[in-house]
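Okay, protein-v7.txt now, which holds compact mmCIF, C-alpha atoms and all ligand atoms:
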```
# COMPACT_ATOMS: atom_id res chain seq x y z
CA MET Z 1 97.31 90.37 152.35
CA GLY Z 2 96.93 88.69 148.94
CA GLU Z 3 98.74 90.31 146.02
CA GLU Z 4 96.65 91.89 143.28
CA THR Z 5 96.54 90.08 139.93
CA LYS Z 6 98.87 91.70 137.43
CA VAL Z 7 97.24 92.01 134.02
CA PRO Z 8 99.72 91.76 131.13
CA ARG Z 9 99.92 95.00 129.17
CA HIS Z 10 100.44 93.13 125.90
CA ILE Z 11 99.23 89.62 125.02
CA ALA Z 12 100.31 87.89 121.80
CA ILE Z 13 98.37 84.84 120.62
CA ILE Z 14 99.09 82.09 118.10
CA LEU Z 15 95.58 81.07 117.05
CA ASP Z 16 96.28 77.40 116.44
CA GLY Z 17 94.08 74.34 116.10
CA ASN Z 18 91.13 75.49 113.97
CA GLY Z 19 91.70 72.65 111.49
CA ARG Z 20 91.90 69.93 114.13
CA TRP Z 21 88.87 71.35 115.94
CA ALA Z 22 86.85 71.07 112.71
CA LYS Z 23 88.18 67.59 111.93
CA GLN Z 24 87.05 66.31 115.34
CA ARG Z 25 83.56 67.38 114.32
CA ARG Z 26 83.88 65.83 110.85
CA MET Z 27 83.69 69.28 109.31
CA PRO Z 28 85.96 70.90 106.70
CA ARG Z 29 88.99 72.87 107.96
CA GLY Z 30 87.44 76.08 106.66
CA TYR Z 31 84.60 75.70 109.16
CA GLY Z 32 87.21 75.71 111.93
CA HIS Z 33 88.58 79.01 110.63
CA ILE Z 34 85.07 80.53 110.55
CA ILE Z 35 84.43 79.57 114.18
CA GLY Z 36 88.01 80.61 115.07
CA CYS Z 37 87.31 84.02 113.56
CA GLN Z 38 84.06 84.37 115.56
CA ASN Z 39 85.96 83.46 118.69
CA LEU Z 40 88.61 86.06 117.91
CA GLU Z 41 85.93 88.77 117.73
CA HIS Z 42 84.48 87.61 121.04
CA MET Z 43 87.83 87.23 122.81
CA CYS Z 44 89.07 90.60 121.57
CA ASN Z 45 86.22 92.20 123.58
CA VAL Z 46 86.89 89.97 126.58
CA ILE Z 47 90.60 90.82 126.53
CA LYS Z 48 89.84 94.53 126.25
CA ASP Z 49 87.40 94.36 129.18
CA ARG Z 50 90.08 92.56 131.19
CA GLY Z 51 92.23 95.69 130.90
CA VAL Z 52 94.80 94.45 128.39
CA LYS Z 53 95.97 97.39 126.24
CA TYR Z 54 97.74 95.54 123.40
CA LEU Z 55 96.69 92.36 121.61
CA THR Z 56 98.63 90.84 118.70
CA VAL Z 57 97.28 87.77 116.89
CA TYR Z 58 98.79 85.50 114.23
CA ALA Z 59 96.17 85.16 111.50
CA PHE Z 60 98.24 84.16 108.46
CA SER Z 61 101.93 83.35 108.21
CA THR Z 62 104.29 83.72 105.26
CA GLU Z 63 104.24 79.88 105.16
CA ASN Z 64 100.43 79.57 105.09
CA TRP Z 65 100.36 80.16 101.30
CA LYS Z 66 101.51 76.52 100.98
CA ARG Z 67 98.15 75.24 102.22
CA SER Z 68 95.61 73.90 99.70
CA ARG Z 69 94.10 76.42 97.28
CA ASP Z 70 90.70 75.83 98.81
CA GLU Z 71 91.89 76.59 102.33
CA VAL Z 72 93.83 79.72 101.29
CA GLU Z 73 90.83 81.00 99.32
CA GLY Z 74 88.55 80.33 102.28
CA LEU Z 75 90.87 82.30 104.55
CA LEU Z 76 91.04 85.22 102.09
CA LYS Z 77 87.23 85.30 101.98
CA LEU Z 78 87.16 85.33 105.76
CA PHE Z 79 89.69 88.20 105.90
CA ARG Z 80 87.54 90.21 103.45
CA GLN Z 81 84.46 89.89 105.65
CA TYR Z 82 86.35 90.28 108.91
CA LEU Z 83 88.24 93.46 107.95
CA LYS Z 84 84.91 95.16 107.17
CA ARG Z 85 83.34 94.10 110.48
CA CYS Z 86 86.51 95.14 112.29
CA MET Z 87 85.96 98.76 111.13
CA ARG Z 88 82.78 98.79 113.23
CA SER Z 89 84.34 97.23 116.33
CA ALA Z 90 87.37 99.55 116.03
CA LYS Z 91 85.02 102.55 116.15
CA LYS Z 92 82.89 101.11 118.95
CA ASN Z 93 85.86 100.18 121.13
CA LYS Z 94 88.04 103.18 120.15
CA MET Z 95 90.62 100.60 119.13
CA ARG Z 96 93.56 101.24 116.84
CA VAL Z 97 94.11 98.38 114.39
CA LYS Z 98 97.39 97.71 112.63
CA ILE Z 99 98.29 94.91 110.26
CA ILE Z 100 101.81 93.57 110.71
CA GLY Z 101 103.46 91.57 107.94
CA ASP Z 102 103.71 92.21 104.22
CA PRO Z 103 100.24 92.98 102.80
CA SER Z 104 101.55 93.33 99.22
CA ALA Z 105 100.93 89.63 98.51
CA PHE Z 106 97.19 89.94 99.12
CA PRO Z 107 94.62 90.75 96.41
CA GLN Z 108 94.18 94.50 95.90
CA ASP Z 109 90.73 94.69 97.56
CA ILE Z 110 92.14 93.20 100.78
CA GLN Z 111 95.05 95.65 100.68
CA ASP Z 112 92.52 98.49 100.27
CA SER Z 113 90.46 97.27 103.25
CA ILE Z 114 93.63 97.05 105.36
CA ARG Z 115 94.59 100.64 104.49
CA LEU Z 116 91.06 101.88 105.22
CA LEU Z 117 90.88 100.09 108.56
CA GLU Z 118 94.30 101.35 109.66
CA ASP Z 119 93.50 104.84 108.54
CA CYS Z 120 90.06 105.10 110.13
CA SER Z 121 91.34 103.79 113.47
CA LYS Z 122 94.67 105.62 113.65
CA ASP Z 123 93.61 108.15 116.31
CA TYR Z 124 92.06 105.65 118.74
CA ASP Z 125 93.94 104.74 121.89
CA GLN Z 126 91.68 102.65 124.14
CA MET Z 127 93.20 99.46 122.80
CA PHE Z 128 95.86 98.54 120.23
CA PHE Z 129 95.09 95.49 118.11
CA GLN Z 130 97.71 94.06 115.77
CA ILE Z 131 96.80 91.38 113.23
CA ALA Z 132 99.71 89.48 111.70
CA MET Z 133 98.85 88.74 108.06
CA ASN Z 134 101.39 87.31 105.63
CA TYR Z 135 103.70 87.70 108.60
CA GLY Z 136 106.98 85.94 109.36
CA GLY Z 137 109.47 87.06 112.01
CA ARG Z 138 112.47 86.50 109.75
CA ASP Z 139 110.74 88.27 106.87
CA GLU Z 140 109.95 91.24 109.15
CA ILE Z 141 113.60 91.48 110.25
CA LEU Z 142 114.91 91.27 106.67
CA ARG Z 143 112.42 93.89 105.44
CA GLY Z 144 113.49 96.11 108.33
CA VAL Z 145 117.21 95.66 107.62
CA THR Z 146 116.60 96.41 103.94
CA ARG Z 147 114.86 99.70 104.77
CA MET Z 148 117.56 100.59 107.26
CA LEU Z 149 120.25 100.04 104.62
CA GLU Z 150 118.31 102.27 102.21
CA ASP Z 151 118.23 105.01 104.86
CA ALA Z 152 121.96 104.48 105.52
CA ARG Z 153 122.74 104.92 101.82
CA GLU Z 154 120.71 108.13 101.76
CA GLY Z 155 122.45 109.39 104.91
CA ARG Z 156 119.18 109.38 106.87
CA LEU Z 157 120.27 107.41 109.96
CA PRO Z 158 120.35 109.55 113.11
CA GLU Z 159 123.63 109.86 115.01
CA ASP Z 160 121.95 108.90 118.27
CA GLY Z 161 120.97 105.57 116.71
CA PHE Z 162 124.50 104.30 117.36
CA ASP Z 163 126.39 103.41 120.49
CA ASP Z 164 130.15 103.11 120.01
CA GLY Z 165 129.56 102.53 116.30
CA LYS Z 166 126.98 99.81 116.95
CA VAL Z 167 123.32 100.11 115.89
CA THR Z 168 121.15 100.45 119.02
CA GLU Z 169 118.10 98.28 119.68
CA GLU Z 170 115.98 101.45 119.69
CA LEU Z 171 117.10 102.37 116.17
CA PHE Z 172 116.54 98.87 114.80
CA GLU Z 173 113.09 98.61 116.41
CA ARG Z 174 111.94 101.65 114.45
CA TYR Z 175 112.25 99.50 111.32
CA LEU Z 176 110.11 96.63 112.60
CA ASP Z 177 106.40 96.35 111.77
CA THR Z 178 105.76 96.71 115.51
CA ALA Z 179 107.57 100.07 115.83
CA GLY Z 180 106.15 102.00 118.78
CA ILE Z 181 104.39 98.96 120.27
CA PRO Z 182 105.77 97.54 123.54
CA ASP Z 183 106.99 93.92 123.48
CA PRO Z 184 104.46 91.26 124.53
CA ASP Z 185 104.42 90.31 128.22
CA LEU Z 186 102.60 87.04 127.61
CA LEU Z 187 102.49 84.73 124.57
CA ILE Z 188 99.68 82.19 124.38
CA ARG Z 189 99.71 79.35 121.85
CA THR Z 190 96.64 77.16 121.70
CA SER Z 191 96.29 73.53 120.63
CA GLY Z 192 99.29 71.89 122.23
CA GLU Z 193 102.21 72.73 119.91
CA GLN Z 194 105.18 74.26 121.71
CA ARG Z 195 107.02 76.29 119.11
CA LEU Z 196 107.10 79.86 117.82
CA SER Z 197 106.48 79.18 114.12
CA ASN Z 198 108.37 82.32 113.09
CA TYR Z 199 106.20 84.62 115.24
CA LEU Z 200 107.57 87.92 116.63
CA LEU Z 201 111.12 86.55 116.88
CA TRP Z 202 112.66 89.83 118.03
CA GLN Z 203 109.78 90.99 120.21
CA LEU Z 204 109.38 87.79 122.28
CA ALA Z 205 112.93 87.92 123.71
CA TYR Z 206 111.74 88.37 127.34
CA THR Z 207 108.12 87.23 127.05
CA GLU Z 208 106.51 84.57 129.26
CA PHE Z 209 105.18 81.66 127.19
CA CYS Z 210 101.95 79.84 127.93
CA PHE Z 211 101.11 76.76 125.85
CA VAL Z 212 97.56 75.47 126.27
CA ASP Z 213 96.02 72.27 124.97
CA VAL Z 214 92.62 73.58 123.89
CA PRO Z 215 92.27 74.48 120.19
CA TRP Z 216 91.64 78.16 119.42
CA PRO Z 217 87.84 77.83 118.86
CA ASP Z 218 87.57 76.52 122.45
CA PHE Z 219 89.76 79.17 124.05
CA HIS Z 220 87.34 81.25 126.14
CA GLU Z 221 87.26 83.41 129.28
CA GLU Z 222 88.20 80.57 131.59
CA GLU Z 223 91.34 79.68 129.62
CA LEU Z 224 92.33 83.34 129.46
CA GLU Z 225 92.05 83.60 133.25
CA LYS Z 226 94.21 80.48 133.67
CA ALA Z 227 96.86 81.96 131.38
CA ILE Z 228 96.87 85.25 133.32
CA GLU Z 229 97.12 83.26 136.55
CA GLN Z 230 100.12 81.34 135.20
CA TYR Z 231 101.72 84.60 134.12
CA ASN Z 232 101.30 85.91 137.65
CA LYS Z 233 103.06 82.89 139.14
CA ARG Z 234 106.18 83.35 137.04
CA ASP Z 235 109.24 85.36 138.03
CA ARG Z 236 109.99 87.98 135.43
CA ARG Z 237 113.72 88.44 135.75
CA TYR Z 238 114.97 90.03 132.52
CA GLY Z 239 118.38 88.48 133.14
CA GLY Z 240 118.78 90.59 136.25
CA VAL Z 241 118.45 89.83 139.92
CA LYS Z 242 115.01 88.79 141.14
CA GLU Z 243 113.27 91.41 143.26
CA GLU Z 244 112.59 90.13 146.78
C1 LIG V 301 95.85 77.85 112.66
O1 LIG V 301 95.01 76.74 112.76
C2 LIG V 301 95.11 78.97 112.19
C3 LIG V 301 95.33 79.66 111.05
C4 LIG V 301 96.37 79.37 110.07
C5 LIG V 301 94.48 80.79 110.70
C6 LIG V 301 94.04 81.61 111.87
C7 LIG V 301 92.83 82.29 111.45
C8 LIG V 301 91.73 82.55 112.19
C9 LIG V 301 91.59 82.31 113.63
C10 LIG V 301 90.55 83.12 111.58
C11 LIG V 301 90.72 84.33 110.83
C12 LIG V 301 91.41 85.42 111.53
C13 LIG V 301 91.24 86.68 111.21
C14 LIG V 301 92.09 87.75 111.78
C15 LIG V 301 90.19 87.07 110.27
P1 LIG V 301 95.35 75.51 111.86
O2 LIG V 301 94.59 75.62 110.60
O3 LIG V 301 96.84 75.45 111.70
O4 LIG V 301 94.83 74.33 112.70
P2 LIG V 301 95.52 72.89 112.78
O5 LIG V 301 96.88 73.10 113.39
O6 LIG V 301 94.59 72.15 113.66
O7 LIG V 301 95.59 72.34 111.40
```
So that I can check it, write out the structure of this file as structure tokens.
Amino acid sequence: MGEETKVPRHIAIILDGNGRWAKQRRMPRGYGHIIGCQNLEHMCNVIKDRGVKYLTVYAFSTENWKRSRDEVEGLLKLFRQYLKRCMRSAKKNKMRVKIIGDPSAFPQDIQDSIRLLEDCSKDYDQMFFQIAMNYGGRDEILRGVTRMLEDAREGRLPEDGFDDGKVTEELFERYLDTAGIPDPDLLIRTSGEQRLSNYLLWQLAYTEFCFVDVPWPDFHEEELEKAIEQYNKRDRRYGGVKEE
């Protein structure tokens, strides 16, 4: 009897290749981001319908500020429009949305939209959608350590957060932006690059990686199915002994 396909509980995606996709069509990079954003809205529904509970996407890294002013401004404009539309899809899909990263670098109106979106979706539980904006894995860890030290100084760290004097993983994870969210089972990076680019450095410790050649605007249902198929072929060992 054939085994049933296992659907990953949490998929993380690095949405790469918008710029190259646009260049191939002799269009400005910003056009690639617009189509990439449309594809994200479409694929978010597809991924939900496929039974995936958690989706985390990399929309803007702490390094992306170094791009041209035009490109950064285009992305900020896209975020403004997208965050508003996302309120509607969050309601429709009963989807909780959380922004991971440090929003304080964004213009005030974007910060306000983020707060509104998180607040209006906080009681939904049909899907959990994390958008990484001004996110860097190292930055997340350092912000977490800083807050943990503050709590230590104020005597607020719980005794059960230590094992033989050593901070436990459970305690540290409470200080990450992803607190309460299970680690990704599958990471997908589109457009051929095979690196993490400072994404979810702590959380990806045991995740299966799937690097695909198609740029993000061309990543559709068929590519998702192939990635899930690849995930199913892998042994997930967690450093232990493989189950027979
Ligand atoms: C990487 O492609 C993509 C980004 C830096 C931005 C990702 C943004 C989107 C998909 C759209 C907006 C998303 C939201 C959540 C509103 P790239 O520009 O690095 O492409 P390249 O590697 O071909 O240059």
May I have the residues within 6 Å of ligand LIG 301 (chain V), computed using only C-alpha atoms and all ligand atoms, as JSON, numbers by chain? {"Z": [15, 16, 17, 18, 19, 20, 33, 36, 37, 59, 60, 78, 79, 82]}
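Within the 12 Å cut-off around Leu224 of chain Z, using only C-alpha atoms and omitting residues fewer than 6 positions from it on the same chain, the listed residues are Val7, Pro8, Ile11, Ala12, Ile13, Met43, Cys44, Val46, Ile47, Lys48, Arg50, Val52, Leu186, Leu187, Ile188, Arg189, Thr190, Cys210, Phe211, Val212, Val214, Trp216, Asp218, Gln230 and Tyr231 of chain Z.
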Atom CA of His220 of chain Z to atom CA of Cys120 of chain Z measures 28.9 Å
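Among the candidate residues Z:Gly74, Z:Gly136, Z:Gly165, Z:Gly32, the one lying nearest to Pro103 of chain Z is Z:Gly136, with distances computed using only C-alpha atoms.
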Shortest contact to Leu142 of chain Z, candidates Z:Leu176, Z:His10, Z:Thr207, Z:Glu41, atoms counted all atoms listed in the file, goes to Z:Leu176
Expressed in Å, the length from atom CA of Arg147 of chain Z to atom CA of Tyr175 of chain Z is 7.1 Å
Item to complete: Can you work out the spacing between atom CA of Lys53 of chain Z and atom CA of Gly192 of chain Z in Å, to one decimal?
Response: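 Atom-to-atom, atom CA of Lys53 of chain Z to atom CA of Gly192 of chain Z, that is 26.0 Å.
Between Lys84 of chain Z and the candidates Z:Asp160, Z:Asp185, Z:Ser113, Z:Arg69, the tightest atom-to-atom separation, counting all atoms listed in the file, involves Z:Ser113.
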Problem - Distance criterion (all atoms listed in the file): nearest to Arg67 of chain Z out of Z:Arg29, Z:Arg195, Z:Arg234, Z:Arg80 - result: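 Residue with the minimum atom-to-atom distance to Arg67 of chain Z: Z:Arg29.
Using all atoms listed in the file, the nearest neighbour of Glu63 of chain Z within the list Z:Asn45, Z:Asn232, Z:Gln108, Z:Asn134 is Z:Asn134.
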Give me the residues within 8 Å of Met148 of chain Z as a ChimeraX atom specification, counting only C-alpha atoms and dropping any in the same chain fewer than 2 places off. /Z:144-146,150-152,157,172,175
Next item on the list: Select, from Z:Asp112, Z:Glu4, Z:Glu154, Z:Asp183, the residue with the minimum atom-to-atom distance to Ala205 of chain Z, counting all atoms listed in the file.
Entry: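 Using all atoms listed in the file, Ala205 of chain Z sits closest to Z:Asp183.
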